[in-house]
Every structure is written in structure tokens, then in C-alpha cells.
$ cat entry-v5.cif   # mmCIF, C-alpha atoms
data_final
loop_
_atom_site.label_atom_id
_atom_site.label_comp_id
_atom_site.auth_asym_id
_atom_site.auth_seq_id
_atom_site.Cartn_x
_atom_site.Cartn_y
_atom_site.Cartn_z
CA MET A 1 105.09 -26.93 211.31
CA ASP A 2 105.77 -23.94 209.07
CA ALA A 3 103.29 -21.08 209.36
CA ASP A 4 104.43 -19.82 205.99
CA THR A 5 102.00 -22.30 204.43
CA THR A 6 99.22 -20.21 205.90
CA GLY A 7 100.66 -16.85 206.84
CA SER A 8 103.14 -15.34 209.24
CA PRO A 9 103.27 -15.51 213.02
CA HIS A 10 103.45 -11.85 213.87
CA GLY A 11 105.41 -10.13 216.55
CA LEU A 12 107.89 -12.85 217.49
CA SER A 13 110.68 -10.28 217.56
CA SER A 14 109.02 -8.29 220.33
CA HIS A 15 109.16 -11.10 222.89
CA TRP A 16 112.04 -12.40 224.92
CA GLY A 17 112.53 -16.08 224.28
CA ARG A 18 110.88 -19.08 225.86
CA ARG A 19 110.19 -17.86 229.38
CA ASP A 20 106.82 -18.03 231.07
CA TRP A 21 105.38 -16.76 234.31
CA LEU A 22 102.22 -15.98 236.21
CA VAL A 23 100.64 -12.59 235.96
CA GLY A 24 101.71 -10.94 239.17
CA ALA A 25 101.45 -7.18 239.04
CA GLY A 26 99.98 -5.98 242.33
CA ALA A 27 96.82 -6.75 244.21
CA LEU A 28 94.64 -7.15 241.13
CA ALA A 29 96.74 -10.00 239.79
CA ALA A 30 96.91 -11.77 243.13
CA GLY A 31 93.20 -11.31 243.74
CA THR A 32 92.27 -12.45 240.25
CA LEU A 33 94.45 -15.53 240.23
CA LEU A 34 93.21 -16.77 243.57
CA ALA A 35 89.67 -15.46 243.27
CA GLY A 36 87.20 -17.84 244.82
CA CYS A 37 89.73 -20.16 246.46
CA GLY A 38 88.21 -21.57 249.59
CA ARG A 39 84.82 -19.95 248.94
CA GLY A 40 83.05 -23.12 247.86
CA VAL A 41 82.28 -21.74 244.42
CA ARG A 42 82.77 -23.30 240.96
CA GLU A 43 86.25 -23.49 239.53
CA GLY A 44 87.35 -20.49 237.48
CA LEU A 45 88.47 -20.27 233.88
CA GLY A 46 92.02 -21.18 232.89
CA VAL A 47 93.42 -18.74 230.30
CA VAL A 48 96.80 -19.05 228.55
CA ALA A 49 98.03 -16.03 226.60
CA ILE A 50 101.12 -14.05 225.60
CA GLU A 51 102.54 -11.39 227.86
CA ASP A 52 101.24 -7.84 227.37
CA THR A 53 98.04 -9.01 225.68
CA ILE A 54 95.67 -9.08 228.68
CA PRO A 55 94.81 -5.66 230.14
CA SER A 56 93.63 -5.30 233.72
CA GLN A 57 90.30 -3.92 232.48
CA LEU A 58 89.48 -7.29 230.92
CA LEU A 59 90.52 -9.23 234.01
CA ARG A 60 88.42 -7.00 236.24
CA ALA A 61 85.35 -7.19 234.00
CA PHE A 62 85.57 -10.97 233.74
CA GLU A 63 86.00 -11.47 237.47
CA GLN A 64 82.93 -9.36 238.19
CA ALA A 65 80.86 -11.28 235.65
CA ALA A 66 82.17 -14.68 236.76
CA VAL A 67 81.57 -14.04 240.45
CA ALA A 68 78.01 -13.00 239.60
CA GLN A 69 77.58 -16.47 238.06
CA GLY A 70 79.04 -18.22 241.09
CA ALA A 71 82.45 -18.95 239.49
CA ALA A 72 85.93 -18.22 240.78
CA GLY A 73 87.19 -15.81 238.15
CA VAL A 74 90.18 -16.19 235.84
CA GLN A 75 93.37 -18.14 236.42
CA LEU A 76 95.89 -16.70 234.01
CA ARG A 77 99.17 -18.01 232.62
CA LEU A 78 101.32 -15.75 230.43
CA LEU A 79 103.93 -17.08 228.00
CA GLY A 80 106.85 -15.24 226.42
CA GLY A 81 105.74 -15.55 222.79
CA MET A 82 103.86 -17.58 220.20
CA GLU A 83 106.42 -20.41 220.06
CA PRO A 84 106.05 -21.53 223.71
CA LEU A 85 102.29 -21.12 223.33
CA LEU A 86 102.35 -23.56 220.40
CA ASP A 87 104.44 -25.93 222.49
CA HIS A 88 101.78 -25.68 225.18
CA LEU A 89 99.02 -26.67 222.74
CA GLN A 90 101.03 -29.55 221.28
CA ASP A 91 102.08 -30.92 224.66
CA TRP A 92 98.52 -31.02 225.92
CA GLN A 93 97.13 -32.61 222.78
CA SER A 94 99.80 -35.32 222.87
CA GLY A 95 99.31 -35.97 226.57
CA ARG A 96 102.96 -35.25 227.40
CA SER A 97 101.88 -32.97 230.25
CA GLN A 98 99.52 -33.62 233.11
CA PRO A 99 97.55 -30.73 234.60
CA PRO A 100 98.67 -29.70 238.07
CA ASP A 101 96.15 -28.20 240.45
CA TRP A 102 95.49 -24.54 239.56
CA ARG A 103 95.44 -23.75 243.28
CA ALA A 104 99.05 -24.85 243.57
CA TRP A 105 100.01 -21.73 241.64
CA ILE A 106 101.26 -18.96 243.88
CA PRO A 107 101.56 -15.39 242.50
CA PHE A 108 105.07 -14.00 242.04
CA LEU A 109 106.64 -17.47 241.89
CA ARG A 110 107.70 -19.00 238.58
CA PRO A 111 105.47 -21.98 237.65
CA LYS A 112 106.66 -25.27 236.24
CA GLN A 113 107.56 -25.22 232.54
CA THR A 114 104.69 -27.65 231.85
CA GLY A 115 101.87 -25.62 233.36
CA PRO A 116 98.15 -26.34 233.24
CA VAL A 117 96.09 -26.43 230.11
CA GLY A 118 93.83 -23.43 229.72
CA SER A 119 90.18 -23.73 228.87
CA VAL A 120 90.96 -20.82 226.52
CA THR A 121 94.26 -20.15 224.73
CA LEU A 122 95.38 -17.27 222.53
CA LEU A 123 96.51 -18.26 219.03
CA SER A 124 97.65 -16.35 215.95
CA HIS A 125 95.31 -16.85 212.99
CA ALA A 126 98.39 -17.90 210.98
CA TRP A 127 98.55 -21.08 213.09
CA LEU A 128 94.83 -21.84 213.17
CA SER A 129 94.77 -24.05 210.07
CA PRO A 130 97.68 -26.34 211.06
CA ALA A 131 96.38 -26.49 214.64
CA VAL A 132 92.98 -27.67 213.37
CA ARG A 133 94.57 -30.25 211.05
CA SER A 134 96.77 -31.52 213.87
CA GLY A 135 93.82 -32.05 216.19
CA TRP A 136 95.05 -29.58 218.79
CA LEU A 137 91.74 -27.71 219.02
CA GLN A 138 88.07 -28.30 219.65
CA PRO A 139 85.47 -26.03 218.03
CA TRP A 140 83.38 -23.43 219.79
CA PRO A 141 79.68 -24.36 219.99
CA ALA A 142 78.56 -20.89 218.86
CA TRP A 143 79.60 -17.26 218.52
CA PRO A 144 79.28 -15.22 221.74
CA LYS A 145 76.02 -13.26 221.81
CA ALA A 146 77.97 -10.00 222.07
CA ILE A 147 79.22 -10.45 218.48
CA ALA A 148 76.55 -9.27 216.03
CA PRO A 149 75.78 -11.28 212.87
CA THR A 150 77.38 -8.59 210.69
CA ALA A 151 80.60 -8.87 212.68
CA GLN A 152 80.46 -12.66 212.52
CA ALA A 153 80.21 -12.46 208.73
CA ARG A 154 83.26 -10.16 208.57
CA TRP A 155 85.35 -12.60 210.61
CA GLN A 156 84.07 -15.92 209.24
CA PRO A 157 86.91 -16.34 206.67
CA VAL A 158 89.42 -16.12 209.55
CA ALA A 159 87.55 -17.92 212.33
CA GLN A 160 85.62 -20.71 210.57
CA ALA A 161 87.20 -23.65 208.74
CA ASN A 162 86.56 -27.21 207.65
CA ALA A 163 88.24 -30.24 209.23
CA GLN A 164 91.30 -29.72 206.99
CA GLY A 165 91.76 -26.20 208.34
CA GLN A 166 90.74 -24.51 205.09
CA PRO A 167 88.63 -21.34 205.44
CA ASP A 168 84.96 -22.24 205.11
CA ARG A 169 82.02 -20.00 206.00
CA ALA A 170 79.97 -23.17 206.52
CA GLY A 171 82.70 -24.79 208.62
CA GLN A 172 82.98 -25.02 212.37
CA LEU A 173 83.96 -22.06 214.52
CA TRP A 174 87.53 -22.58 215.72
CA GLY A 175 88.51 -19.17 217.04
CA ILE A 176 86.88 -16.07 218.53
CA PRO A 177 88.64 -12.91 217.26
CA TYR A 178 90.37 -10.83 219.93
CA ARG A 179 92.65 -8.28 218.25
CA TRP A 180 94.26 -7.52 214.90
CA GLY A 181 97.01 -5.54 213.21
CA THR A 182 98.89 -4.99 209.98
CA THR A 183 102.15 -5.41 208.11
CA ALA A 184 103.62 -1.95 207.65
CA LEU A 185 106.72 0.05 206.71
CA VAL A 186 109.04 1.63 209.27
CA TYR A 187 111.69 4.10 208.14
CA ARG A 188 114.13 6.87 209.06
CA PRO A 189 112.66 10.17 207.77
CA ASP A 190 116.04 11.90 208.04
CA LYS A 191 117.45 9.53 205.40
CA PHE A 192 114.74 10.67 202.96
CA ALA A 193 114.97 14.41 203.63
CA ALA A 194 117.39 15.08 200.77
CA LEU A 195 115.32 12.94 198.38
CA GLY A 196 112.17 14.99 198.82
CA TRP A 197 109.91 11.99 199.38
CA GLU A 198 109.07 9.39 202.04
CA PRO A 199 107.71 5.85 201.63
CA ARG A 200 103.95 5.70 201.11
CA ASP A 201 103.37 2.41 199.33
CA TRP A 202 104.98 -0.92 198.50
CA SER A 203 106.07 0.40 195.10
CA ASP A 204 108.52 2.74 196.83
CA LEU A 205 110.64 -0.25 197.87
CA TRP A 206 111.70 -0.67 194.22
CA ARG A 207 113.01 2.91 193.85
CA PRO A 208 116.69 3.01 192.82
CA GLU A 209 117.61 5.20 195.80
CA LEU A 210 116.79 2.27 198.11
CA ARG A 211 119.15 -0.25 196.50
CA GLY A 212 120.61 -2.26 199.38
CA LYS A 213 118.70 -0.17 201.95
CA VAL A 214 115.61 -2.34 202.57
CA VAL A 215 114.98 -4.95 205.28
CA LEU A 216 112.48 -7.56 204.07
CA LEU A 217 110.63 -10.06 206.23
CA ASP A 218 112.09 -13.55 205.98
CA ARG A 219 108.57 -14.87 205.36
CA MET A 220 107.64 -16.31 202.01
CA ARG A 221 103.96 -15.32 201.95
CA GLU A 222 104.60 -11.84 203.36
CA THR A 223 107.35 -10.89 200.92
CA ILE A 224 105.86 -12.44 197.78
CA GLY A 225 102.52 -11.05 198.93
CA LEU A 226 103.67 -7.44 199.01
CA ALA A 227 104.99 -7.87 195.44
CA LEU A 228 101.63 -9.30 194.43
CA LYS A 229 99.88 -6.36 196.08
CA ARG A 230 102.08 -3.94 194.16
CA LEU A 231 100.97 -5.65 190.94
CA GLY A 232 97.31 -5.37 191.92
CA HIS A 233 96.78 -8.93 193.15
CA SER A 234 95.90 -10.53 196.49
CA TYR A 235 98.27 -12.01 199.07
CA ASN A 236 96.21 -15.18 198.56
CA GLU A 237 96.75 -15.51 194.81
CA LEU A 238 96.16 -19.16 193.89
CA GLN A 239 98.29 -19.19 190.71
CA PRO A 240 101.21 -16.81 191.32
CA GLN A 241 103.34 -18.41 188.62
CA ALA A 242 100.69 -17.42 186.07
CA ILE A 243 101.50 -13.73 186.67
CA ALA A 244 104.10 -13.07 183.99
CA GLU A 245 105.72 -10.02 185.60
CA LEU A 246 106.00 -11.49 189.10
CA PRO A 247 109.41 -13.28 188.79
CA GLN A 248 111.06 -10.15 187.43
CA THR A 249 109.39 -8.03 190.13
CA LEU A 250 110.67 -10.36 192.86
CA ALA A 251 114.19 -10.42 191.43
CA ALA A 252 114.26 -6.63 191.42
CA LEU A 253 112.98 -6.53 195.02
CA HIS A 254 115.70 -8.96 196.08
CA ARG A 255 118.31 -6.56 194.71
CA GLN A 256 116.90 -3.84 196.99
CA ALA A 257 117.33 -5.95 200.13
CA LEU A 258 120.07 -5.39 202.66
CA VAL A 259 118.90 -8.40 204.67
CA TYR A 260 115.92 -10.68 205.30
CA ALA A 261 114.82 -10.99 208.92
CA ASP A 262 111.84 -11.85 211.08
CA ARG A 263 113.51 -10.87 214.37
CA ASP A 264 115.31 -7.62 215.17
CA TYR A 265 114.44 -6.27 211.75
CA ILE A 266 114.13 -2.71 213.10
CA GLN A 267 117.73 -2.59 214.33
CA PRO A 268 119.34 -2.03 210.89
CA VAL A 269 117.06 0.98 210.39
CA LEU A 270 117.97 2.42 213.78
CA MET A 271 121.67 1.99 212.97
CA GLY A 272 121.26 3.64 209.58
CA ASP A 273 122.45 0.63 207.57
CA ALA A 274 118.90 0.30 206.20
CA TRP A 275 116.50 3.15 205.53
CA VAL A 276 113.25 1.22 205.57
CA ALA A 277 112.01 -2.14 206.88
CA VAL A 278 108.88 -4.23 206.52
CA GLY A 279 107.46 -5.24 209.89
CA TRP A 280 104.45 -6.13 212.01
CA SER A 281 102.46 -3.32 213.54
CA ASN A 282 102.64 -4.48 217.15
CA ASP A 283 106.45 -4.55 216.96
CA LEU A 284 106.49 -1.16 215.28
CA VAL A 285 104.21 0.43 217.87
CA ALA A 286 106.68 -0.53 220.60
CA ALA A 287 109.63 0.77 218.56
CA LEU A 288 107.94 4.07 217.75
CA SER A 289 107.19 4.70 221.41
CA ARG A 290 110.89 4.40 222.23
CA GLN A 291 112.58 5.80 219.12
CA LYS A 292 111.50 9.24 217.95
CA THR A 293 113.81 8.97 214.93
CA LEU A 294 111.44 6.43 213.35
CA ARG A 295 108.23 6.84 211.40
CA ALA A 296 105.85 4.16 210.11
CA ILE A 297 103.01 3.89 207.62
CA VAL A 298 100.54 1.32 206.31
CA PRO A 299 100.94 1.04 202.49
CA GLN A 300 98.15 2.75 200.58
CA SER A 301 97.51 -0.13 198.17
CA GLY A 302 96.63 -2.48 201.02
CA THR A 303 98.61 -4.83 203.20
CA ALA A 304 98.56 -8.12 205.09
CA LEU A 305 96.41 -8.31 208.20
CA TRP A 306 97.04 -10.52 211.21
CA ALA A 307 94.77 -11.48 214.11
CA ASP A 308 94.89 -13.22 217.46
CA LEU A 309 92.01 -15.54 218.30
CA TRP A 310 90.75 -17.28 221.42
CA VAL A 311 90.76 -21.05 220.85
CA ARG A 312 89.81 -24.10 222.92
CA PRO A 313 92.52 -26.80 223.23
CA SER A 314 91.31 -30.29 222.38
CA ARG A 315 91.90 -31.62 225.89
CA ALA A 316 90.82 -28.48 227.74
CA PRO A 317 88.52 -28.81 230.74
CA GLU A 318 84.87 -28.25 229.97
CA SER A 319 84.22 -24.60 230.79
CA VAL A 320 82.21 -23.60 227.73
CA GLU A 321 80.00 -21.09 229.53
CA LEU A 322 82.91 -19.24 231.14
CA ALA A 323 85.06 -19.57 228.01
CA THR A 324 82.33 -17.95 225.91
CA LEU A 325 81.95 -15.20 228.50
CA TRP A 326 85.69 -14.49 228.34
CA ALA A 327 85.86 -14.44 224.52
CA GLY A 328 82.78 -12.24 224.20
CA LEU A 329 83.71 -9.59 226.79
CA PRO A 330 86.18 -7.72 224.52
CA TRP A 331 83.25 -7.13 222.14
CA GLN A 332 81.18 -5.30 224.76
CA PRO A 333 80.87 -1.62 223.72
CA ASN A 334 81.74 -0.41 227.21
CA LEU A 335 85.05 -2.32 227.11
CA VAL A 336 86.18 -1.80 223.50
CA GLN A 337 87.49 1.74 223.97
CA ASP A 338 89.29 0.85 227.22
CA LEU A 339 90.99 -2.08 225.49
CA ALA A 340 91.91 0.09 222.51
CA GLY A 341 93.71 2.54 224.77
CA TRP A 342 95.83 -0.28 226.20
CA PHE A 343 96.52 -2.53 223.21
CA ASP A 344 99.43 -2.39 220.78
CA ALA A 345 96.82 -3.74 218.36
CA ALA A 346 93.22 -2.99 217.46
CA PRO A 347 90.22 -4.66 219.12
CA ALA A 348 88.54 -7.22 216.88
CA ALA A 349 85.32 -5.23 217.10
CA TRP A 350 86.97 -2.49 215.02
CA LEU A 351 87.17 -4.75 211.98
CA ALA A 352 83.45 -5.40 211.95
CA GLY A 353 82.34 -2.57 209.68
CA ASP A 354 82.30 0.25 212.23
CA ARG A 355 84.86 2.77 210.98
CA THR A 356 84.41 5.26 213.82
CA TRP A 357 87.81 4.17 215.11
CA THR A 358 89.54 6.10 212.30
CA SER A 359 89.14 9.29 214.33
CA GLN A 360 90.14 7.80 217.66
CA PRO A 361 93.41 8.68 219.43
CA ILE A 362 94.59 5.07 219.09
CA ARG A 363 95.57 5.86 215.49
CA GLN A 364 98.47 7.83 216.90
CA THR A 365 99.91 4.76 218.62
CA VAL A 366 98.64 1.74 216.66
CA LEU A 367 99.22 1.34 212.93
CA LEU A 368 95.81 0.96 211.31
CA PRO A 369 94.94 1.46 207.64
CA ASP A 370 92.40 4.01 206.55
CA GLY A 371 89.11 2.74 205.15
CA ALA A 372 90.19 2.48 201.50
CA SER A 373 93.47 0.76 202.35
CA LEU A 374 91.70 -1.65 204.71
CA ASP A 375 89.30 -2.65 201.95
CA ARG A 376 92.32 -3.54 199.79
CA SER A 377 94.03 -5.56 202.54
CA ASP A 378 94.06 -9.35 203.08
CA PHE A 379 94.41 -11.84 205.87
CA ILE A 380 97.05 -14.30 204.68
CA GLN A 381 95.04 -17.51 204.34
CA PRO A 382 96.07 -21.17 203.95
CA LEU A 383 96.37 -22.27 200.33
CA PRO A 384 96.16 -25.66 198.57
CA PRO A 385 99.41 -27.64 198.31
CA GLY A 386 99.72 -26.89 194.58
CA SER A 387 99.61 -23.15 195.23
CA ILE A 388 102.13 -23.41 198.07
CA ALA A 389 104.50 -25.28 195.74
CA GLN A 390 104.34 -22.35 193.33
CA TYR A 391 105.15 -19.88 196.11
CA GLN A 392 108.06 -22.02 197.27
CA GLN A 393 109.51 -22.15 193.76
CA LEU A 394 109.19 -18.38 193.37
CA TRP A 395 110.75 -17.86 196.81
CA GLN A 396 113.72 -20.08 196.03
CA THR A 397 114.28 -18.39 192.66
CA MET A 398 114.01 -14.94 194.23
CA ARG A 399 116.53 -15.65 196.98
CA GLN A 400 119.00 -17.00 194.44
CA ALA A 401 118.68 -14.01 192.11
CA THR A 402 121.84 -12.06 191.42
CA THR A 403 122.29 -8.78 193.29
CA THR A 404 124.60 -7.26 190.71
#
$ encode --input "entry-v5.cif" --output "C-alpha cells"
Amino acid sequence: MDADTTGSPHGLSSHWGRRDWLVGAGALAAGTLLAGCGRGVREGLGVVAIEDTIPSQLLRAFEQAAVAQGAAGVQLRLLGGMEPLLDHLQDWQSGRSQPPDWRAWIPFLRPKQTGPVGSVTLLSHAWLSPAVRSGWLQPWPAWPKAIAPTAQARWQPVAQANAQGQPDRAGQLWGIPYRWGTTALVYRPDKFAALGWEPRDWSDLWRPELRGKVVLLDRMRETIGLALKRLGHSYNELQPQAIAELPQTLAALHRQALVYADRDYIQPVLMGDAWVAVGWSNDLVAALSRQKTLRAIVPQSGTALWADLWVRPSRAPESVELATLWAGLPWQPNLVQDLAGWFDAAPAAWLAGDRTWTSQPIRQTVLLPDGASLDRSDFIQPLPPGSIAQYQQLWQTMRQATTT
């Protein structure tokens, strides 16, 4: 399954392969994983996510709420990236794995590769459409009460879809938004000092000074999308071949590229071979924290947005009440700011019309667009087959364009 038919799985370069393990960082992890064992209470909630996406504040808040309802808390499995998480969903839907007893899991020991199915699983919005079409998911019965109707309306194009996985405000609810981020530019400011300017928008990638100095994402919708955005169109343009100037714009962008990459795309900038790279905000946040020679910016004309959602696997155990509690907790006002201080992404609640986050300290560590740029940005959505064929033809022609 190719996510480029819908969007781009973000952040794959920031993870370390196909390893998986239990959360096991101190007493909180041990207490949370085994909460309720032997107490005669209801089973807890099984959650499968990617490493570094579940802060202790969320675990603690859920355990307190679950215990108050007579449940055992959360039983958490962390995977090393989106690819093994997709394998997890596919294996459970196909019945290739059988669920072992949660209580057989012991903190600090590596679990079996085919671990238990979670009642709730994290999934990139780029994979939601193919997961729905493939029958890997079951819908949520309703939005959590913590998510106001105005916020639901803002997220409906991402979270609700018809049976074919196409966005549909009247469709079923397949995912509860958890966090979001952007596609942005990362660059070496020292390389631009003599030029008297620094990148501010997508149009800067076409400047003659950057010939052979740009790292582009090896993602069809992302790269064609930024060219569309430069020309004043959406990432989700249905008829890209009808835009007369687009082929020439893409050919010129190809001549600017040093390399296309979706992993380790920051390395050429660090080494000085490239001066600027296109990348995903959660990767860039990690790089900026380690490398003071780098700077990053969200393009002013708007960019691509990505999101992670909580979904329910098709064969997941029935834990709707606890699952809804888990998915709704990150929307609680008393938790949003704590989560924001921990995330390398923005809480989903911050995309719901409340722009107070623009003055928050998180803007110094997480790449978020300002209000005007956000209004011009797009989630990369699934497109009809005819539109995808047009993108594929443009992509093939672009990659074969001469660089001389």
C-alpha cells in the first residue's frame, strides 16, 4: 500500500527500524502496565503507539480516571515507527496473530514480535483511507464529549470518511485526532549569510543560487504539492495537468535538487552538501534541538499538514468506554498545555480555532504556522484514481527532466 495516493507518512526518518518494546521507564511505567492486576477489577485498555508519542502526564491522567471507573488502567505497547504499526494492524485484521494474555507482559523485557492487539492504535492520517478500504478498522460510535462541536467540524475532513475511505463530513468517524504538525524548510543560515537572504517561502527553492543545493522529499504528493502551493493552488488539486505552468515549474524544481529522500534528509544539510531541505516538523524539532547550526521555518504561503489519530482495529476487544476516555483526555483543557510542553508536535486541540497557542513557548520548539499561513495550509487528502494518475504522470516526467 502506497501512502502517496493519500499523503505522506511523516517522521519515518526519526525512528530506528522495526523494533518494538514495552514502555518501561521507572515506577510509573511498571505501575501503569500492571495496574489492577490481581485486584479483581475490569481489564484495562490496550494501547499501541509509536515511541515518544505518549507522555507520562497522559498515562497518569488515564490511570486515575480508569481506576475511578473500576478499570485496570492502560496496557501500553510502543513500536519503533509507522511501518511496524501498519504491520500490527494488518496482522490482526488478517488473523495471522493471536492475542497473548496482557498479563504475560513483564516490564523491561522485550515482548514477542506479534504482540497483542490494542483496543486503540495510533495511525497517521495519511494511512487512514487505505486502512478503511482494507477493512483494518472499525468506526468510533461518537466523538468524545471533551471535543466541542466546533472542533469536530474543523477535524471532520480528516477524521470522517465513507466506506471507500474518501473524506466525507457525513461519513463515519474513523479516527480521533491526537496531534498534528507541518511540512517545513530546514536550512544552514551560514550558507545564506553572503547572499543577504534566508528561505521564507516555497518560491525560494527556485532561486538560481540554490541550483543543486536542495533536498526534496521523495514523496509525490508532497513535492508536487509544494509546487502547486507556489502557484497558488491546493495540495489536493483534482486536475493538476490542467495547470499549464505546472510541468515547467516541476522541471525547474528538479534541476534545483541535489537528492530526493524521505529518510536522513537532514544529513546533507548538516554536511554542507545541501543548503536547504524539505522535511516533516517532528523530525526537524529533534534536529534543531541537537544542531544549533540549523534553522527551520514554515513557508508563508501555506504548507502540508499531517496528523496522528487514535483508531480502533477491526478485531480489537470491545473497550469502547475506555477507548473513548483515552482518546478524549488529550482534549481536556487541564492536559493540553502539559502535552504541548512534551510533544514534538502540536496537540489536536490547537487546530480547533483557538489561536492562543501562537504566543505559547512551544513555538520555540515545535514548527507551527502563524494564523495566516495555517489558513492557507492543507491536509494531504486521498484523491480519485483519475487525479492520482495525473500526479503519477507529472511525477514521472519531473524525475526524468534534464538537469543541464
$ atom_distance --input "entry-v5.cif" --atom1 "CA of Trp202 in chain A" --atom2 "CA of Leu250 in chain A"
12.4 Å
$ resolve_selection --input "entry-v5.cif" --expression "the PyMOL selection byres ((chain A and resi 236) around 8)" --output "list in words"
Gly225, Ser234, Tyr235, Glu237, Leu238, Asp378, Ile380, Gln381 and Leu383 of chain A
$ closest_residue --input "entry-v5.cif" --among "A:Gln166, A:Gln248, A:Ser373, A:Ser134" --to "Arg200 in chain A" --atoms "all atoms listed in the file"
A:Ser373
$ resolve_selection --input "entry-v5.cif" --expression "the PyMOL selection byres ((chain A and resi 157) around 10)" --output "CSV table (one decimal) with C-alpha atoms, keeping the file's coordinate frame"
chain,number,residue,atom,x,y,z
A,152,GLN,CA,80.5,-12.7,212.5
A,153,ALA,CA,80.2,-12.5,208.7
A,154,ARG,CA,83.3,-10.2,208.6
A,155,TRP,CA,85.4,-12.6,210.6
A,156,GLN,CA,84.1,-15.9,209.2
A,158,VAL,CA,89.4,-16.1,209.6
A,159,ALA,CA,87.6,-17.9,212.3
A,160,GLN,CA,85.6,-20.7,210.6
A,161,ALA,CA,87.2,-23.6,208.7
A,166,GLN,CA,90.7,-24.5,205.1
A,167,PRO,CA,88.6,-21.3,205.4
A,168,ASP,CA,85.0,-22.2,205.1
A,169,ARG,CA,82.0,-20.0,206.0
A,170,ALA,CA,80.0,-23.2,206.5
A,171,GLY,CA,82.7,-24.8,208.6
A,379,PHE,CA,94.4,-11.8,205.9
A,381,GLN,CA,95.0,-17.5,204.3
$ resolve_selection --input "entry-v5.cif" --expression "the PyMOL selection byres ((chain A and resi 272-285) around 7)" --output "NGL selection string"
:A and (10-11 or 14 or 181-188 or 191 or 213-217 or 258 or 265-266 or 268-271 or 286-289 or 344-345 or 365-367)
$ residues_around --input "entry-v5.cif" --residues "Leu58 in chain A" --least-positions-apart "5" --cutoff "9 Å" --atoms "only C-alpha atoms" --output "number ranges by chain"
A: 63, 326, 329-330, 335, 338-339
$ closest_residue --input "entry-v5.cif" --among "A:Ile388, A:Ala146, A:Ile297, A:Ala66" --to "Asn334 in chain A" --atoms "only C-alpha atoms"
A:Ala146
$ axis_aligned_box --input "entry-v5.cif" --around "range 386-396 of chain A" --padding-each-side "8 Å" --output "JSON"
{"center_x": 106.7, "center_y": -22.4, "center_z": 195.7, "size_x": 30.1, "size_y": 25.0, "size_z": 20.7}
$ closest_residue --input "entry-v5.cif" --among "A:Lys145, A:Arg255, A:Arg376, A:His125" --to "Pro299 in chain A" --atoms "only C-alpha atoms"
A:Arg376
$ atom_distance --input "entry-v5.cif" --atom1 "CA of Trp395 in chain A" --atom2 "CA of Asp308 in chain A"
26.4 Å
$ residues_around --input "entry-v5.cif" --residues "Gly386 in chain A" --least-positions-apart "5" --cutoff "12 Å" --atoms "all atoms listed in the file" --output "PDB file with C-alpha atoms, keeping the file's coordinate frame"
ATOM      1  CA  THR A   5     102.000 -22.300 204.430  1.00  0.00           C
ATOM      2  CA  GLU A 237      96.750 -15.510 194.810  1.00  0.00           C
ATOM      3  CA  LEU A 238      96.160 -19.160 193.890  1.00  0.00           C
ATOM      4  CA  GLN A 239      98.290 -19.190 190.710  1.00  0.00           C
ATOM      5  CA  PRO A 240     101.210 -16.810 191.320  1.00  0.00           C
ATOM      6  CA  GLN A 241     103.340 -18.410 188.620  1.00  0.00           C
ATOM      7  CA  TYR A 391     105.150 -19.880 196.110  1.00  0.00           C
ATOM      8  CA  GLN A 392     108.060 -22.020 197.270  1.00  0.00           C
ATOM      9  CA  GLN A 393     109.510 -22.150 193.760  1.00  0.00           C
TER      10      GLN A 393
END
$ closest_residue --input "entry-v5.cif" --among "A:Gln64, A:Ser203, A:Thr53, A:Thr293" --to "Pro347 in chain A" --atoms "only C-alpha atoms"
A:Thr53
$ residues_near_point --input "entry-v5.cif" --point "(101.9, -16.6, 225.5)" --cutoff "7 Å" --atoms "only C-alpha atoms" --output "ChimeraX atom specification"
/A:48-51,78-82,84-85
$ closest_residue --input "entry-v5.cif" --among "A:Ser124, A:Thr249, A:Ser387, A:Gln396" --to "Trp174 in chain A" --atoms "only C-alpha atoms"
A:Ser124
$ atom_distance --input "entry-v5.cif" --atom1 "CA of Val259 in chain A" --atom2 "CA of Lys229 in chain A"
21.0 Å
$ closest_residue --input "entry-v5.cif" --among "A:Ala61, A:Ala244, A:Leu253, A:Leu89" --to "Pro208 in chain A" --atoms "all atoms listed in the file"
A:Leu253
